[in-house]
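See below for the structure under consideration.
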Amino acid sequence: MAILRVLAVAAMMTVSLLAGAQARSLDDILSTGELRIGVNPNYPPTAMYDDKNQLVGFDIDVATKLASMLGVKPNFVTVDPNSRVPFITSGRIDIVLGGMTRTPDRAKLIDFTLPIMTESLGALSIEGKPFKNLSDLDKDTVTLAEVRGTTPIPWIAANLPHAKVLLLDNHPDVLRAVAQGRADAVVDDLASLGEVSKKIDAHWMPLAGHAKEVDWDCIGVNRADQSLRRWLNVAIFSLEQSEFIQQAYKKWYGFDMSAPIPLSPYF
C-alpha cells in the first residue's frame, strides 16, 4: 500500500508539472488580461533599469505596444541568457525578447516570430570624411579603430584587407579615436555603439552597407502556442509597416539598423 501511495503521489506530481509546462493560448492570455514578457535588464539599451528603477529600452517599448494592441497588461519578468529559453518551454512566460537571435539549435526548443531587429557589422564615421559605404574603407589610407579581440577584427582582415587597424581596449576609446581624428571609422554592430556615441561629441555618420552575415533577432514563443505566434506576426508586420519598430530602434540605439528588415507580408 505504501508503494501504491508513493506511485500515486509521483503520478500527481507529474501531471502537475506537465500542466504547469503547458503554454497559454492566445485565448488564455486574453481571458487573464495579462501578457507575461521575458526581458533581460542587463542588456542596455535593449532593456535596462532607469534612475527610478523602472524598466525601459527598446524591448520594453515594443512589448508594451504589443500588449496594448492585444488589449492586455504587460507583466515583465526578468530573465538572463541561460533562463530565457527554459522560461518559455516551461510556460512561466508567454514571450521572450532580449536579443533572441533565431538559430537552428534554439528552434529545436522554441518558435520564433518575424524579426524585430537585426545585428550585423556596419561602419560609423564622422561627417566630412570621404566615405559613403562600408566598402569605401578598404584603402591603405584608412585607419579603423577597433576593440581588440572582438568579432570585427577577423572580418576586417577578410573583407577590408587594405585598411589599417588601431586596436584599443573598449568602445569609448574607439569612438574617441575617431572623433579626435586618430582613426577614420569603426566597424562594429552599430547597436553596440549608440549609447556610447551619445556621450562623445562628434557629428556621427553611419555608412551605408553591412556585412553579409546578419543575425535576426525575434520574439521567442512556446512551440505549442501557435495562436499567439500567428497574432504576433500580424502585429509585428503592422508595427514595421508603420515604422514604429524602426523609430523605437533609432530612439534607443541612436542609429538605423545596419541591415534593415525586409518588409514582407508573407509569414
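In the C-alpha cells, chains take the letters A, B, ... in the order shown, each chain's residues start at 1, and ligands count up from 1 in the order shown.
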- Neighbour list for Lys132 of chain A as a PyMOL selection string, cut-off 12 Å, only C-alpha atoms, skip fewer than 5 positions in-chain: chain A and resi 122-127+137+185+205-210
Kindly save the residues from that selection, with C-alpha atoms included, as a PDB file, in the first residue's frame.
```
ATOM      1  CA  GLY A 122      28.309  48.201 -40.206  1.00  0.00           C
ATOM      2  CA  ALA A 123      30.561  51.240 -40.116  1.00  0.00           C
ATOM      3  CA  LEU A 124      30.430  54.515 -38.205  1.00  0.00           C
ATOM      4  CA  SER A 125      32.440  57.573 -39.210  1.00  0.00           C
ATOM      5  CA  ILE A 126      32.002  61.328 -38.782  1.00  0.00           C
ATOM      6  CA  GLU A 127      30.635  63.916 -41.159  1.00  0.00           C
ATOM      7  CA  LEU A 137      37.005  51.799 -46.169  1.00  0.00           C
ATOM      8  CA  ALA A 185      35.871  54.942 -38.761  1.00  0.00           C
ATOM      9  CA  MET A 205      27.615  59.380 -39.650  1.00  0.00           C
ATOM     10  CA  PRO A 206      26.713  55.717 -40.215  1.00  0.00           C
ATOM     11  CA  LEU A 207      27.879  54.462 -43.595  1.00  0.00           C
ATOM     12  CA  ALA A 208      25.641  52.539 -45.962  1.00  0.00           C
ATOM     13  CA  GLY A 209      26.114  48.806 -46.320  1.00  0.00           C
ATOM     14  CA  HIS A 210      26.645  45.974 -43.889  1.00  0.00           C
TER      15      HIS A 210
END
```
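With only C-alpha atoms taken into account, the protein and nucleic acid residues at most 8 Å from Thr101 of chain A (excluding it and anything under 4 positions from it in its own chain) are Asp215, Trp216, Asp217 and Cys218 of chain A.
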- Where does DSSP see strand (DSSP E or B) in segment 11-260 of chain A, if you list the residues as a PyMOL selection string? chain A and resi 34-39+43+47-49+55-56+73-78+95-101+110-119+121-126+133+143-147+164-168+185-189+204-206+208+215-222
- Task: Enumerate as a PyMOL selection string all residues of segment 148-260 of chain A assigned to helix (DSSP H, G or I) by DSSP on the backbone, naming them with the chain letters and numbers the document uses.
- Result: chain A and resi 152-159+171-179+190-192+194-197+226-241+244-253
Which residues of segment 25-68 of chain A come within 8 Å of segment 252-262 of chain A, and what is each one's closest atom pair and distance in Å (one decimal), counting only C-alpha atoms, sorted by chain and residue number, as a Markdown table?
```
| residue | atom | partner | partner_atom | distance |
| --- | --- | --- | --- | --- |
| A:Pro45 | CA | A:Trp252 | CA | 6.0 |
| A:Thr46 | CA | A:Trp252 | CA | 7.6 |
| A:Gly57 | CA | A:Trp252 | CA | 6.4 |
| A:Phe58 | CA | A:Trp252 | CA | 6.0 |
```
Restricted to N, CA and C atoms, what would the selected residues look like written as an mmCIF file, in the first residue's frame?
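selection_32.cif, written as the output of this step:
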```
data_model
loop_
_atom_site.group_PDB
_atom_site.id
_atom_site.type_symbol
_atom_site.label_atom_id
_atom_site.label_comp_id
_atom_site.auth_asym_id
_atom_site.auth_seq_id
_atom_site.Cartn_x
_atom_site.Cartn_y
_atom_site.Cartn_z
ATOM 1 N N PRO A 45 20.886 49.132 -24.589
ATOM 2 C CA PRO A 45 19.584 49.718 -24.252
ATOM 3 C C PRO A 45 18.402 48.855 -24.699
ATOM 4 N N THR A 46 18.660 47.556 -24.949
ATOM 5 C CA THR A 46 17.540 46.675 -25.272
ATOM 6 C C THR A 46 16.542 46.665 -24.118
ATOM 7 N N GLY A 57 13.664 50.760 -22.424
ATOM 8 C CA GLY A 57 14.500 50.272 -23.506
ATOM 9 C C GLY A 57 13.688 49.868 -24.723
ATOM 10 N N PHE A 58 14.395 49.430 -25.733
ATOM 11 C CA PHE A 58 13.764 49.036 -26.998
ATOM 12 C C PHE A 58 12.760 47.909 -26.785
#
```
- Item | Distance criterion (only C-alpha atoms): nearest to Ala235 of chain A out of A:His203, A:Lys65, A:Lys73, A:Arg182 | A:Lys65
- Message: Give me, as a ChimeraX atom specification, all polymer residues having an atom no more than 12 Å from segment 24-28 of chain A, counting only C-alpha atoms and skipping those fewer than 4 positions away in the same chain.
- Response: /A:19-20,32-36,67,70-72,88-95,221-232
- Would you work out the distance separating atom CA of Asn159 of chain A from atom CA of Phe131 of chain A, expressed in Å to one decimal?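 Value for the atom CA of Asn159 of chain A-atom CA of Phe131 of chain A distance: 16.2 Å.
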- Item | Two-atom distance - atom CA of Tyr43 of chain A, atom CA of Phe112 of chain A (Å) | 19.8 Å
- Task: Find, counting only C-alpha atoms, the residue in A:Glu243, A:Asp189, A:Glu119, A:Asp184 that gets nearest to Pro152 of chain A.
- Result: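 Smallest distance to Pro152 of chain A is found for A:Asp189.
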- Taking only C-alpha atoms into account, which of A:Val147, A:Ile29, A:Ile116, A:Val214 comes nearest Ser192 of chain A? A:Val147
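Between Asp59 of chain A and the candidates A:Ile156, A:Leu97, A:Ser83, A:Thr78, the tightest atom-to-atom separation, counting only C-alpha atoms, involves A:Leu97.
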